[in-house]
Structure formats: C-alpha cells, structure tokens
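> Just so it is clear, I am handing over final_21.cif, which has mmCIF, C-alpha atoms.
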```cif
data_entry
loop_
_atom_site.label_atom_id
_atom_site.label_comp_id
_atom_site.auth_asym_id
_atom_site.auth_seq_id
_atom_site.Cartn_x
_atom_site.Cartn_y
_atom_site.Cartn_z
CA MET A 228 113.47 149.34 65.64
CA SER A 229 109.90 149.88 66.78
CA LEU A 230 109.31 150.14 70.52
CA ILE A 231 106.67 147.42 70.09
CA ASN A 232 109.53 144.98 69.54
CA ILE A 233 111.20 146.06 72.79
CA LEU A 234 108.50 147.12 75.25
CA THR A 235 105.65 144.66 74.75
CA GLY A 236 104.52 143.13 78.05
CA THR A 237 104.83 144.47 81.59
CA GLY A 238 106.87 147.48 82.56
CA VAL A 239 107.13 148.46 86.20
CA ALA A 240 106.89 152.07 87.33
CA ILE A 241 109.38 151.41 90.10
CA VAL A 242 109.09 153.06 93.51
CA THR A 243 111.91 154.96 95.17
CA PRO A 244 112.77 153.34 98.52
CA PHE A 245 113.68 155.67 101.35
CA LYS A 246 115.49 155.02 104.62
CA LYS A 247 113.79 155.86 107.91
CA ASN A 248 115.42 159.30 107.74
CA ALA A 249 113.87 159.80 104.24
CA GLU A 250 117.19 159.55 102.37
CA VAL A 251 117.18 157.51 99.15
CA ASP A 252 117.83 153.85 99.95
CA LEU A 253 119.87 152.46 97.05
CA ASP A 254 120.40 149.09 98.75
CA SER A 255 116.65 148.48 98.88
CA LEU A 256 116.28 149.79 95.34
CA GLY A 257 118.79 147.20 94.18
CA LYS A 258 116.94 144.46 96.02
CA LEU A 259 113.65 145.56 94.45
CA ILE A 260 115.15 145.67 90.94
CA ASP A 261 116.37 142.08 91.31
CA PHE A 262 113.00 141.00 92.72
CA ILE A 263 110.96 142.33 89.82
CA ILE A 264 113.38 141.20 87.10
CA ASP A 265 113.76 137.73 88.61
CA ASN A 266 109.97 137.41 88.61
CA GLY A 267 109.57 138.02 84.93
CA VAL A 268 108.77 141.64 84.11
CA GLU A 269 109.78 142.83 80.66
CA TYR A 270 111.16 146.29 81.53
CA ILE A 271 111.51 148.97 84.20
CA VAL A 272 110.44 152.62 84.24
CA SER A 273 112.54 154.89 86.44
CA LEU A 274 111.44 158.30 87.79
CA GLY A 275 107.74 157.95 87.16
CA THR A 276 105.16 159.45 89.49
CA THR A 277 105.20 156.19 91.46
CA GLY A 278 108.87 156.96 92.17
CA GLU A 279 107.86 160.17 93.99
CA THR A 280 109.88 162.12 91.44
CA PRO A 281 108.43 165.54 92.40
CA THR A 282 110.17 165.23 95.79
CA LEU A 283 113.55 164.16 94.40
CA SER A 284 116.34 166.65 93.73
CA LYS A 285 118.01 166.68 90.32
CA LYS A 286 121.10 165.16 91.93
CA GLU A 287 119.05 162.36 93.47
CA GLN A 288 117.28 161.72 90.18
CA ALA A 289 120.59 161.36 88.32
CA GLU A 290 121.99 159.05 91.03
CA ILE A 291 118.88 156.86 90.93
CA VAL A 292 118.99 156.52 87.15
CA ASP A 293 122.72 155.75 87.13
CA PHE A 294 122.30 153.15 89.88
CA THR A 295 119.26 151.59 88.23
CA SER A 296 121.01 151.33 84.87
CA GLU A 297 124.08 149.71 86.42
CA LYS A 298 122.00 147.32 88.51
CA ILE A 299 119.86 146.24 85.57
CA ASN A 300 123.07 145.68 83.57
CA GLY A 301 121.24 145.05 80.33
CA ARG A 302 118.91 142.38 81.72
CA VAL A 303 115.80 144.33 80.71
CA PRO A 304 115.19 147.65 78.94
CA LEU A 305 115.02 150.84 81.01
CA VAL A 306 112.61 153.71 80.30
CA LEU A 307 113.18 157.12 81.90
CA GLY A 308 110.43 159.46 83.05
CA ILE A 309 111.06 163.11 82.22
CA GLY A 310 107.93 165.25 82.38
CA GLY A 311 106.62 168.56 83.63
CA ASN A 312 104.75 171.66 82.62
CA ASN A 313 107.66 173.74 81.34
CA THR A 314 108.56 172.54 77.86
CA SER A 315 111.99 174.16 77.65
CA ALA A 316 112.94 172.92 81.13
CA ILE A 317 112.11 169.33 80.12
CA ILE A 318 114.34 169.65 77.07
CA ASP A 319 117.15 171.08 79.22
CA HIS A 320 116.67 168.23 81.73
CA PHE A 321 117.82 165.65 79.15
CA ALA A 322 121.38 166.86 79.72
CA ASP A 323 121.22 165.86 83.41
CA PHE A 324 121.20 162.14 82.62
CA LYS A 325 123.46 159.56 81.03
CA LEU A 326 121.15 158.22 78.33
CA GLU A 327 123.26 155.56 76.63
CA ASN A 328 121.49 152.68 78.40
CA ILE A 329 117.98 154.17 78.20
CA THR A 330 115.47 152.82 75.66
CA ALA A 331 112.91 155.64 75.64
CA ILE A 332 111.63 158.74 77.43
CA LEU A 333 108.21 158.62 79.11
CA SER A 334 106.82 162.14 79.41
CA SER A 335 103.58 163.05 81.17
CA SER A 336 101.29 165.67 79.74
CA PRO A 337 101.77 169.11 81.32
CA ASN A 338 100.12 169.37 84.73
CA TYR A 339 98.41 172.34 86.40
CA ASN A 340 98.62 174.90 83.59
CA LYS A 341 96.05 172.94 81.53
CA PRO A 342 97.10 173.67 77.93
CA SER A 343 94.72 173.38 74.98
CA GLN A 344 95.00 170.39 72.65
CA GLU A 345 97.09 172.54 70.31
CA GLY A 346 99.34 173.44 73.24
CA ILE A 347 99.72 169.76 74.15
CA PHE A 348 100.56 168.94 70.53
CA GLN A 349 103.19 171.69 70.29
CA HIS A 350 104.64 170.71 73.68
CA TYR A 351 105.25 167.13 72.59
CA LYS A 352 106.37 168.16 69.10
CA ALA A 353 109.10 170.35 70.64
CA ILE A 354 110.19 167.61 73.05
CA SER A 355 110.24 164.95 70.32
CA GLN A 356 112.39 167.13 68.07
CA GLN A 357 114.99 167.62 70.82
CA SER A 358 114.90 164.21 72.50
CA PRO A 359 117.81 161.91 71.64
CA LEU A 360 115.52 158.94 72.38
CA PRO A 361 112.01 157.86 71.32
CA VAL A 362 109.26 159.60 73.26
CA ILE A 363 106.30 157.83 74.89
CA LEU A 364 103.35 160.08 75.69
CA TYR A 365 101.78 159.70 79.14
CA ASN A 366 98.14 160.64 79.45
CA VAL A 367 96.97 160.75 83.08
CA PRO A 368 94.18 163.33 83.42
CA GLY A 369 93.56 162.49 87.07
CA ARG A 370 96.97 163.97 87.88
CA THR A 371 97.49 166.57 85.16
CA GLY A 372 94.07 168.19 85.03
CA SER A 373 93.79 167.80 81.26
CA ASN A 374 93.24 164.97 78.80
CA ILE A 375 95.21 164.15 75.66
CA THR A 376 92.33 163.38 73.32
CA ALA A 377 92.43 160.47 70.89
CA GLU A 378 92.63 162.98 68.05
CA THR A 379 95.72 164.67 69.54
CA THR A 380 97.40 161.34 70.27
CA LEU A 381 96.83 160.19 66.69
CA ARG A 382 98.04 163.52 65.30
CA LEU A 383 101.26 163.20 67.30
CA ALA A 384 101.67 159.56 66.27
CA ASN A 385 101.32 160.45 62.60
CA GLU A 386 103.12 163.80 62.43
CA CYS A 387 106.00 163.43 64.93
CA GLU A 388 108.37 160.65 63.92
CA ASN A 389 110.01 160.46 67.34
CA VAL A 390 106.71 160.11 69.24
CA GLN A 391 106.53 156.32 69.23
CA GLY A 392 104.05 155.32 71.90
CA ILE A 393 101.59 156.19 74.64
CA LYS A 394 100.94 155.14 78.22
CA GLU A 395 97.18 155.70 78.43
CA ALA A 396 95.84 156.22 81.96
CA SER A 397 92.66 158.14 81.22
CA GLY A 398 90.52 155.16 82.24
CA ASN A 399 88.36 155.94 79.22
CA MET A 400 87.95 152.67 77.33
CA VAL A 401 86.19 154.34 74.38
CA GLN A 402 89.03 156.83 73.95
CA CYS A 403 91.55 153.98 74.18
CA MET A 404 89.72 151.99 71.51
CA HIS A 405 89.69 154.93 69.11
CA ILE A 406 93.47 155.22 69.49
CA LEU A 407 93.99 151.47 69.09
CA LYS A 408 91.77 151.31 66.00
CA ASN A 409 93.39 154.23 64.18
CA LYS A 410 97.02 154.37 65.33
CA PRO A 411 99.96 153.56 63.04
CA GLY A 412 100.92 149.88 63.16
CA ASP A 413 104.29 150.52 64.81
CA PHE A 414 102.94 152.91 67.48
CA LEU A 415 103.19 151.38 70.98
CA PHE A 416 100.05 151.52 73.11
CA VAL A 417 100.28 150.39 76.75
CA SER A 418 97.86 150.77 79.63
CA GLY A 419 98.61 153.03 82.57
CA ASP A 420 95.83 151.54 84.69
CA ASP A 421 96.40 148.16 86.35
CA HIS A 422 92.64 147.64 86.72
CA ILE A 423 91.91 147.66 82.98
CA SER A 424 95.15 146.30 81.55
CA LEU A 425 93.59 142.91 80.77
CA PRO A 426 90.59 144.19 78.76
CA LEU A 427 92.83 146.66 76.94
CA VAL A 428 95.00 143.79 75.69
CA ALA A 429 91.82 142.30 74.24
CA CYS A 430 91.33 145.60 72.39
CA GLY A 431 94.90 145.62 71.02
CA SER A 432 97.12 147.06 73.75
CA LYS A 433 100.66 145.66 73.90
CA GLY A 434 100.89 145.66 77.69
CA VAL A 435 101.11 147.97 80.67
CA ILE A 436 103.33 150.19 82.75
CA SER A 437 102.25 148.91 86.13
CA VAL A 438 102.26 149.87 89.79
CA VAL A 439 101.08 146.54 91.22
CA ALA A 440 103.92 144.69 89.48
CA ASN A 441 106.32 146.23 92.01
CA ALA A 442 104.85 143.87 94.58
CA PHE A 443 103.37 141.08 92.44
CA PRO A 444 105.68 140.92 89.41
CA LYS A 445 105.31 137.19 88.77
CA ASP A 446 101.53 136.93 88.70
CA PHE A 447 100.91 140.26 87.00
CA SER A 448 103.48 139.87 84.22
CA GLU A 449 102.28 136.32 83.59
CA MET A 450 98.70 137.59 83.34
CA ILE A 451 99.73 140.04 80.64
CA ARG A 452 101.75 137.42 78.75
CA LEU A 453 98.78 135.02 78.81
CA ALA A 454 96.47 137.76 77.54
CA LEU A 455 98.89 138.64 74.73
CA LYS A 456 98.74 134.95 73.73
CA ASN A 457 94.91 135.15 73.73
CA ASP A 458 94.72 132.82 76.74
CA PHE A 459 92.14 134.95 78.49
CA GLU A 460 90.73 132.10 80.55
CA ASN A 461 93.95 131.71 82.53
CA ALA A 462 94.73 135.42 82.44
CA GLN A 463 91.37 136.11 84.09
CA LYS A 464 92.24 133.85 87.01
CA LEU A 465 95.32 135.93 87.82
CA HIS A 466 93.47 139.20 87.18
CA TYR A 467 90.74 138.41 89.70
CA LYS A 468 93.26 137.04 92.18
CA LEU A 469 94.98 140.44 92.15
CA LEU A 470 91.87 142.63 91.87
CA PRO A 471 91.70 143.40 95.63
CA ALA A 472 95.35 144.47 95.48
CA TYR A 473 94.61 146.90 92.63
CA ASP A 474 91.96 148.53 94.81
CA LEU A 475 94.28 148.80 97.79
CA LEU A 476 97.06 150.41 95.73
CA PHE A 477 95.07 153.57 95.21
CA ILE A 478 92.82 153.58 98.28
CA GLU A 479 94.61 156.67 99.64
CA ASN A 480 97.46 157.67 97.34
CA ASN A 481 100.10 156.20 95.09
CA PRO A 482 102.70 154.96 96.04
CA ALA A 483 101.52 154.66 99.67
CA GLY A 484 99.54 151.56 98.76
CA VAL A 485 102.28 149.70 96.95
CA LYS A 486 104.92 150.75 99.50
CA SER A 487 102.76 149.16 102.21
CA PHE A 488 102.78 145.90 100.25
CA LEU A 489 106.52 146.11 99.65
CA SER A 490 107.18 146.87 103.31
CA GLU A 491 105.15 143.84 104.38
CA LEU A 492 107.18 141.77 101.89
CA LYS A 493 110.36 143.05 103.62
CA LEU A 494 111.68 144.74 100.50
CA LEU A 495 111.84 148.30 101.82
CA GLU A 496 110.92 150.65 104.66
CA ASN A 497 107.38 152.01 104.61
CA VAL A 498 108.58 155.62 104.21
CA LEU A 499 107.31 158.34 101.86
CA ARG A 500 108.30 161.96 101.48
CA LEU A 501 105.85 164.71 102.33
CA PRO A 502 103.31 165.67 101.23
CA LEU A 503 102.63 161.93 100.88
CA VAL A 504 102.23 159.80 103.99
CA PRO A 505 101.94 156.02 104.58
CA LEU A 506 98.58 154.27 104.58
CA SER A 507 96.36 154.71 107.61
CA GLU A 508 96.21 151.81 110.04
CA PRO A 509 92.75 150.56 108.91
CA ASN A 510 93.90 150.33 105.29
CA LEU A 511 97.28 148.87 106.24
CA LYS A 512 95.35 146.10 107.98
CA LYS A 513 93.52 145.44 104.70
CA VAL A 514 96.91 145.07 102.97
CA LYS A 515 98.08 142.62 105.63
CA ASP A 516 94.81 140.67 105.41
CA PHE A 517 95.09 140.40 101.62
CA LEU A 518 98.68 139.15 101.83
CA SER A 519 97.65 136.59 104.43
CA ALA A 520 94.86 135.38 102.20
CA VAL A 521 97.12 134.89 99.18
CA SER A 522 98.90 131.58 99.65
CA ASP A 523 101.62 132.04 96.99
CA VAL A 524 102.70 135.64 97.36
CA ASN A 525 105.47 136.35 94.88
#
```
Could you write out this structure as structure tokens?

Amino acid sequence: MSLINILTGTGVAIVTPFKKNAEVDLDSLGKLIDFIIDNGVEYIVSLGTTGETPTLSKKEQAEIVDFTSEKINGRVPLVLGIGGNNTSAIIDHFADFKLENITAILSSSPNYNKPSQEGIFQHYKAISQQSPLPVILYNVPGRTGSNITAETTLRLANECENVQGIKEASGNMVQCMHILKNKPGDFLFVSGDDHISLPLVACGSKGVISVVANAFPKDFSEMIRLALKNDFENAQKLHYKLLPAYDLLFIENNPAGVKSFLSELKLLENVLRLPLVPLSEPNLKKVKDFLSAVSDVN
C-alpha cells in the first residue's frame, strides 16, 4: 500500500520530555502522545531532530520507541527517524529497534560531511535496499549543510522502489514544485516547514511533519485537513492565527520554542539537554503573551 494512503495529513515530530534532572520523562511523553492524538493528528514521528535524538543514547532511543508504540496502541501510524552521516551505521541501527509496529523510516540526508548528489543518491539507495520498511527522505539543508536537489529526489523516487516519500524542509518553493510536478503518483510529498505547509498543499503536497502540532494539534491538523479539501478560506484563518507561534518556535532553536509552549500548557518540564538550552526570558515572555492572546488554546 502506498504511504499516501497512510500518511496524508499532519504528522507530529514529537519532542522528548525530560525530568528536571534531564532523564527521559516517559510519563510526560505518554501525556503528550494522548494530547496530540486526541486532538486529531494523523500520525506521530518518533526520534526526529525535534526529539533531541543526537543527545539520546541508543538504549534511551529504543526505550522511547517501545514506549511510544505501546502508548499509541495502533491509534495512529508511527514513523521512526533513523538518520546520520555514516551509511553502514544507519543500516546497522535498524537492528536496535522493534519495527513490527512502525509504518516507515524517516532518514535525514547526511550532515556535516556534505556528500555530492551522487553520494546522497548512493547513500539512500543502500539504506533503501537494507531497510525492512519504506524509506522517507528528509531534506533539511539548514541542518545538514547540503541540499537534496529535485533531480536527486526524483531519481531516488523512480529508481529505488523502497524510497516512497520525502519530507521537504529546504524552504525552496520552486524546488518543491519541481518535485511535485514530476514525482511518481504514489510518491508521498510532505512539508517539513510549518510556515509553508499551507501553500505547499495548494501545490500538491499531502501534508506535513510538524513541530507546532506538538502544542497546537487541533488547530494545525484541522488547517491541513481543510486545505486538503480545497477549503483554503477557512484554512487561512487557522494558518494566520498560528503564524506568530511558527515564528516563536524557531526564534532561538528547535525544540526550545515548542518546549516552552508545552511547558506553559503544563504538559512537560521546560528542560533540554546540552548543547541546547531553554528560551531566553524575553522570548519566553513572547510565548506567554501569545498564549494569553489566543482564547481557545488547544
């Protein structure tokens, strides 16, 4: 079955809650999972960058995925983030997880070592051949230091049967449109940028893997559903309601912004692991002011 039939709509790149002593807080994670599912999101993505995965041990990662899978209990699909810049290590990492309840693997383009487009193609080809699950590309040049071009994305979509989608976070609308125009019909395209998720649906995107939907799952997922139904008039109302929140999410770093929102909503402690730190007081005040101004916070 095509991933389009399973992962259309809003996925949430879920944060990893920590206790005040910086240990993983599974109780708060469970509360957050219920909150976002109860408010209408279509699926959850575990161990994305928003989950502070680089600071989690392999043991912690496995525990988080097991807990998340059990807590979801089939209510929505679960996508697992497994990325990095060592191709063979990513392939070996598959064995660290129980994958029977996972729908797909989301894998970011290699960071730091900045491969050529041919290197990126061969990296994903090797992963797709070894992955027991469909692979979703993740293009996020702002973090990786390199871009997956439209040409490379389309080559992977056409030549690698197990590469079945892309989370596109380049912010380049022209690049996105070239992919959307020329991709195979069953290839899943979702936005990786909350800011431009709405216009990308108008161009043919099937949804988003979102950060803001951690804190505003009801409004954001409804916005995407309305857009997918071509009700852009009502979708725009929700988009512009949330626009200040999009800005605040990334004003310093991700997930410091969204964790500030979630802390104010009493869903978790406002704790991050170094080298990330919570929002500064002036920006935290902006978060509090926005929440005060929104009468029906979800």
> Translate the PyMOL selection byres ((chain A and resi 302-318) around 9), as applied to the file shown, into an explicit residue set as JSON, numbers by chain.
{"A": [233, 234, 238, 264, 268, 269, 270, 271, 272, 273, 274, 275, 276, 280, 292, 295, 296, 298, 299, 300, 301, 319, 320, 321, 322, 326, 328, 329, 330, 331, 332, 333, 334, 335, 336, 337, 338, 339, 340, 341, 350, 351, 353, 354, 357, 358, 365]}
> Which residues would end up in the selection if the PyMOL selection byres ((chain A and resi 480-489) around 8) were applied here, given that I need the answer as an NGL selection string?
:A and (242 or 277-279 or 438-439 or 441-442 or 475-479 or 490-499 or 503-506 or 511 or 514-515)
> On this structure, the PyMOL selection byres ((chain A and resi 411) around 10) would catch which residues? List them as a PyMOL selection string, sorted by chain and number.
chain A and resi 381+384-385+391-392+406-410+412-415
> At what distance in Å, to one decimal, does CA of Val251 in chain A lie from CA of Lys445 in chain A?
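CA of Val251 in chain A lies 25.7 Å from CA of Lys445 in chain A.
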> For the point (102.4, 151.6, 78.9) in the file's frame, write as a PDB file with C-alpha atoms, in the coordinates of the input all residues with an atom no more than 9 Å away, counting all atoms listed in the file.

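Output contents, as saved in point.pdb:
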```pdb
ATOM      1  CA  LEU A 234     108.500 147.120  75.250  1.00  0.00           C
ATOM      2  CA  THR A 235     105.650 144.660  74.750  1.00  0.00           C
ATOM      3  CA  GLY A 236     104.520 143.130  78.050  1.00  0.00           C
ATOM      4  CA  THR A 237     104.830 144.470  81.590  1.00  0.00           C
ATOM      5  CA  GLY A 238     106.870 147.480  82.560  1.00  0.00           C
ATOM      6  CA  ILE A 363     106.300 157.830  74.890  1.00  0.00           C
ATOM      7  CA  TYR A 365     101.780 159.700  79.140  1.00  0.00           C
ATOM      8  CA  GLY A 392     104.050 155.320  71.900  1.00  0.00           C
ATOM      9  CA  ILE A 393     101.590 156.190  74.640  1.00  0.00           C
ATOM     10  CA  LYS A 394     100.940 155.140  78.220  1.00  0.00           C
ATOM     11  CA  GLU A 395      97.180 155.700  78.430  1.00  0.00           C
ATOM     12  CA  ALA A 396      95.840 156.220  81.960  1.00  0.00           C
ATOM     13  CA  LEU A 415     103.190 151.380  70.980  1.00  0.00           C
ATOM     14  CA  PHE A 416     100.050 151.520  73.110  1.00  0.00           C
ATOM     15  CA  VAL A 417     100.280 150.390  76.750  1.00  0.00           C
ATOM     16  CA  SER A 418      97.860 150.770  79.630  1.00  0.00           C
ATOM     17  CA  GLY A 419      98.610 153.030  82.570  1.00  0.00           C
ATOM     18  CA  ASP A 420      95.830 151.540  84.690  1.00  0.00           C
ATOM     19  CA  SER A 432      97.120 147.060  73.750  1.00  0.00           C
ATOM     20  CA  LYS A 433     100.660 145.660  73.900  1.00  0.00           C
ATOM     21  CA  GLY A 434     100.890 145.660  77.690  1.00  0.00           C
ATOM     22  CA  VAL A 435     101.110 147.970  80.670  1.00  0.00           C
ATOM     23  CA  ILE A 436     103.330 150.190  82.750  1.00  0.00           C
ATOM     24  CA  SER A 437     102.250 148.910  86.130  1.00  0.00           C
TER      25      SER A 437
END
```
> Give me, please, the distance in Å between CA of Asp421 in chain A and CA of Ala440 in chain A, quoted to one decimal.
8.9 Å
> Report, in Å to a single decimal, how far apart CA of Asn266 in chain A and CA of Ser448 in chain A are.
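Straight-line distance from CA of Ser448 in chain A to CA of Asn266 in chain A works out to 8.2 Å.
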> May I ask which of the residues A:Leu360, A:Ala520, A:Leu427, A:Leu470 is the closest one to Lys325 in chain A, counting all atoms listed in the file?
A:Leu360
